[in-house]
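S.K.: Quick one: the structure is below, and I'll ask about it shortly.
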Amino acid sequence: MSARGRKPDPTVDHRIRQAVTGLVLSRGLDFTMDDVAAAAGVGRASVFRRYATKRDMLLEALAGIMNAHVAIPDTGSFEGDLRVVVSDTLALWHHPDVSRMARQVFGEAGRDPAVAEIIRTGMRTRMERSWIVYERAIERGELPPNADLWMLTDMFAGFVAYRGLLDLPLPEPEQIVQVLLHGFTPV
């Protein structure tokens, strides 16, 4: 008995994943399965064979986006490293596509526990990967060994997410770094 039809193209899965990620980053959640097929250069059936619903596609794409590599600075000082992290983060929020996508995804997290879990675990994992910055600061004596690293991280991430989600102006990186390091006491 001979096999029927064409051999499966091994690049289709990758092309579909790339298309979904690209669409999420450029259009947020505003796209259809047909848009994915067109962007991937495949037929609609190829997309539906891999994903029963748009939600399934989005969950996988969001997990991939949250797992993206984040550069870890090593400037030689905690203040310098923090300035780089803050500057890079603010630059992302200043990009209209990224800020729009973030607003939509955070809104979806309020409706869909699976999206909320991807954001929660993805952000925690990303933050833990960058803790080498804190560990070096502790080794240099720039942070106390008992510093609450989650609180420090959440103060920055929460502040930026709050301002970004509500489309409020974000301060200059230097202002944020000074407040994170010294609070509001005179330096």
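Here's how to read the names in the structure tokens: chain A, B, ... by the order shown, residue numbers from 1 in each chain, ligand numbers from 1 in the order shown.
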Leaving out region 61-70 of chain A and any residue of its chain fewer than 6 positions from it, which residues lie within 10 Å of it when counting only C-alpha atoms, given as a ChimeraX atom specification?
M.R.: /A:17-25,55,85,88,105,115,117-127,129-130
S.K.: Show me, as a PyMOL selection string, the residues that have an atom within 12 Å of region 176-182 of chain A when counting only C-alpha atoms, minus same-chain residues fewer than 2 positions from it.
M.R.: chain A and resi 78-87+89-90+137+142-143+147+149+151-157+159-160+170-174+184-187
S.K.: Could you pull out the helix (DSSP H, G or I) residues of region 12-181 of chain A from DSSP and send them as a ChimeraX atom specification?
M.R.: /A:12-27,33-40,44-50,54-66,78-94,96-111,113-129,132-139,149-165,173-181
S.K.: Have a look at CA of Asp35 (chain A) and CA of Tyr51 (chain A) and let me know their distance in Å, one decimal.
M.R.: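 Answer for the CA of Asp35 (chain A) to CA of Tyr51 (chain A) separation: 13.8 Å.
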S.K.: Which residues are close to Glu139 (chain A), i.e. within 12 Å by only C-alpha atoms, leaving aside same-chain residues fewer than 6 positions away? Reply as a list in words.
M.R.: Gly76, Ser77, Phe78, Ile132, Val133, Pro145 and Asn146 of chain A
S.K.: In Å, with one decimal, what is the gap from CA of Ile72 (chain A) to CA of Ile138 (chain A)?
M.R.: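 Here the two named atoms are 16.0 Å from each other.
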S.K.: When you draw a straight line from CA of Asp112 (chain A) to CA of Ala37 (chain A), how long is it in Å?
M.R.: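 Straight-line distance from CA of Asp112 (chain A) to CA of Ala37 (chain A) works out to 24.7 Å.
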S.K.: Could you give me, as a list in words, the residues within 10 Å of Ser46 (chain A), counting only C-alpha atoms and dropping anything in the same chain fewer than 3 positions from it?
M.R.: Val12, Asp13, Ile16, Ala37, Ala40, Gly41, Val42, Gly43, Arg49, Arg50 and Tyr51 of chain A
